[in-house]
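For reference, the structure is listed below as structure tokens.
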Amino acid sequence: MAVPVMPAPRVPDSKDAPSLRWGIMGPGWIAERFTESVQAHSRQVIAAVGSRSLARSKEFAGKFGVPAAYGSYEELAAAPGIDIVYVTTPHNFHHSAALLALEAGKHVLIEKPIGLNAGQARDIAARAGSAGVFAAEAMWSFFLPKFDVIRQILEAGTLGTLTTVVAEYGEHFDRSHRIFDPALAGGPLLDLGTYPLALITEVLGSPDKVHVIGQPHESGVNAQLSAIMQFPGGSQAAMNTQLHNVTPTAATIVGSQATLAIDGPFNMPGGFELRFPDGTRLRHSEPAGGHFEGLHFEAAAVARCIAAGQAESPQRPLAASIRTMEAADEIRRQLGISFPGEGNPSA
């Protein structure tokens, strides 16, 4: 078999995307990184910010030159002249905050995870459909140029029959971080584990068998979990996520004809390698980067979708977000993890 040529990314320049007026709902760390990225690399306009604290909104607005600041999520959702709301609240407010925007007729981009559970994700999808507006989960990794190349490789069948995906993500956090707060849906699964879990379910679909082990943390949240999964046809996946310390955050997709090894951290801008049994290696090289270098791609992609009249993003369809949350729900079910305010996790 002839070795294929590495595809080129098809992602357009973010500055070429039509401009939207964005409202930021929740001026936290990721909202700051998003704003920095889109202001530097795109024509997207951060037009307003809303928080439960007017002082926090004004501080954010002053720092980034945002013209309007509101002291509640409701005011931001109702604000005129806003095309789309980017929900960056703590996890357990993603669902209710998204509904505020949807009920106001605004398009919505929801920071990952899209909700606390699959029931919330399905509800957001249904309500966006009823309102006739765009909705997507801000799983920014899938909007990066390297993931467009990976998608082309998978669609071309270059790896052959997919057999295995292995992915992990661990970080170190100061003890004051919200990840240690049970009241804020803490633990690594929703913050970090969504990345390997999203990759696994993107590549292999929904698992039909899941086996999980977990380790508790003294704060009351989960400290670490590992999951082994089996998929229809016999393919398997392994994932680990933990909050003890920084890990390589590596990911590998194995097929019968080739292996795709993604440089760590796999969820950020960077390279990867195609490895063939005869020793041949093909390299996709791009500068390693972080949120500043990568978040603008999702904003530009969303703007192009909305301009084209699309209700969802092909890079992260709502069905894919629901599929990831279903897997996360099963992991939590086996470990007995529940989150405040989520209602019935299996709804």
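Letters for chains follow the order of the structure tokens (A, B, ...), residue numbers begin at 1 for each chain, and ligand numbers begin at 1 in the order shown.
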Item to check | Shell around stretch 234-239 of chain A at 12 Å using only C-alpha atoms, local window under 5 positions removed, as an NGL selection string | outcome: :A and (161-170 or 189 or 192-214 or 224-229 or 249-256 or 327-328 or 331)
Next on the checklist: I need the residues of stretch 117-265 of chain A that end up classed as helix (DSSP H, G or I) by DSSP on the backbone, written out as JSON, numbers by chain.
Outcome noted: {"A": [118, 119, 120, 121, 122, 123, 124, 125, 126, 127, 128, 129, 130, 131, 140, 141, 142, 143, 145, 146, 147, 148, 149, 150, 151, 152, 153, 154, 155, 156, 178, 179, 180, 182, 183, 184, 188, 189, 190, 191, 192, 193, 194, 195, 196, 197, 198, 199, 200, 201, 202, 203, 204]}
Next on the checklist: What's the separation between atom CA of A:Lys146 and atom CA of A:Arg10, in Å to one decimal place?
Outcome noted: 9.5 Å
Checklist entry - Any idea what the distance is between atom CA of A:Lys106 and atom CA of A:Ile84? => result 5.4 Å
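Counting only C-alpha atoms, the residue from A:Pro232, A:Pro182, A:Gly290, A:Gly132 that sits nearest to A:Pro340 is A:Pro182.
For the residues A:Ala185, A:Leu144, A:Ala101, A:Val49, ranking by smallest atom-to-atom distance to A:Ser338 using only C-alpha atoms places A:Ala185 first.
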Item to check | Residue among A:Leu282, A:Gln334, A:Ser321, A:Ala8 lying closest to A:Pro145, counting only C-alpha atoms | outcome: A:Ala8
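Take atom CA of A:Ser42 and atom CA of A:Arg304: the distance between them is 12.1 Å.
If only C-alpha atoms are the atoms counted, then among A:Trp140, A:Pro277, A:Glu111, A:Ile30 the closest residue to A:His296 is A:Trp140.
Distances from A:Ser285, A:Gln44, A:Asn222, A:Thr324 to A:Arg122 were compared using only C-alpha atoms, and the smallest one belongs to A:Thr324.
When only C-alpha atoms are used to measure the gap to A:Gly186, the shortest distance among A:Ala303, A:Leu159, A:Met25, A:Ile337 belongs to A:Ile337.
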Nearby residues (only C-alpha atoms) at most 9 Å from A:Phe60, same-chain spacing under 5 positions excluded, as an mmCIF file with N, CA and C atoms, in the first residue's frame:
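out-v6.cif, freshly written:
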data_model
loop_
_atom_site.group_PDB
_atom_site.id
_atom_site.type_symbol
_atom_site.label_atom_id
_atom_site.label_comp_id
_atom_site.auth_asym_id
_atom_site.auth_seq_id
_atom_site.Cartn_x
_atom_site.Cartn_y
_atom_site.Cartn_z
ATOM 1 N N PRO A 27 -17.589 36.317 33.726
ATOM 2 C CA PRO A 27 -16.256 36.836 33.399
ATOM 3 C C PRO A 27 -15.129 36.159 34.189
ATOM 4 N N GLY A 28 -14.937 34.881 33.966
ATOM 5 C CA GLY A 28 -13.888 34.140 34.659
ATOM 6 C C GLY A 28 -12.646 33.953 33.808
ATOM 7 N N GLU A 32 -11.632 35.354 29.942
ATOM 8 C CA GLU A 32 -10.495 36.240 29.677
ATOM 9 C C GLU A 32 -9.631 35.700 28.537
ATOM 10 N N VAL A 49 -20.625 42.129 28.689
ATOM 11 C CA VAL A 49 -20.294 41.099 29.670
ATOM 12 C C VAL A 49 -21.320 41.154 30.788
ATOM 13 N N ALA A 55 -19.716 44.646 39.801
ATOM 14 C CA ALA A 55 -18.323 45.075 39.957
ATOM 15 C C ALA A 55 -17.394 44.190 39.123
ATOM 16 N N GLY A 65 -11.799 46.506 27.256
ATOM 17 C CA GLY A 65 -12.432 47.491 26.391
ATOM 18 C C GLY A 65 -13.818 47.083 25.923
ATOM 19 N N VAL A 66 -14.567 46.409 26.772
ATOM 20 C CA VAL A 66 -15.926 45.968 26.427
ATOM 21 C C VAL A 66 -16.904 47.094 26.767
ATOM 22 N N ALA A 69 -21.532 46.504 30.459
ATOM 23 C CA ALA A 69 -21.360 45.584 31.586
ATOM 24 C C ALA A 69 -22.671 45.493 32.346
#
Next on the checklist: Taking only stretch 75-257 of chain A into account, list the residues labelled strand (DSSP E or B) by DSSP (computed from the backbone), as a ChimeraX atom specification.
Outcome noted: /A:84-87,107-111,135-138,162-170,209-216,222-230,236-242,251-255
Item to check | Near-A:Trp22 list (12 Å; only C-alpha atoms; drop same-chain fewer than 4 positions) as a ChimeraX atom specification | outcome: /A:31,34-35,38-39,43-50,66-68,76-77,79-87,101,106-109,299-300,302-303
Item to check | Exercise: A:Ala288 partners within 8 Å, only C-alpha atoms, chain neighbours under 3 positions left out, as a list in words | outcome: Met268, Pro269, Gly270 and Gly271 of chain A
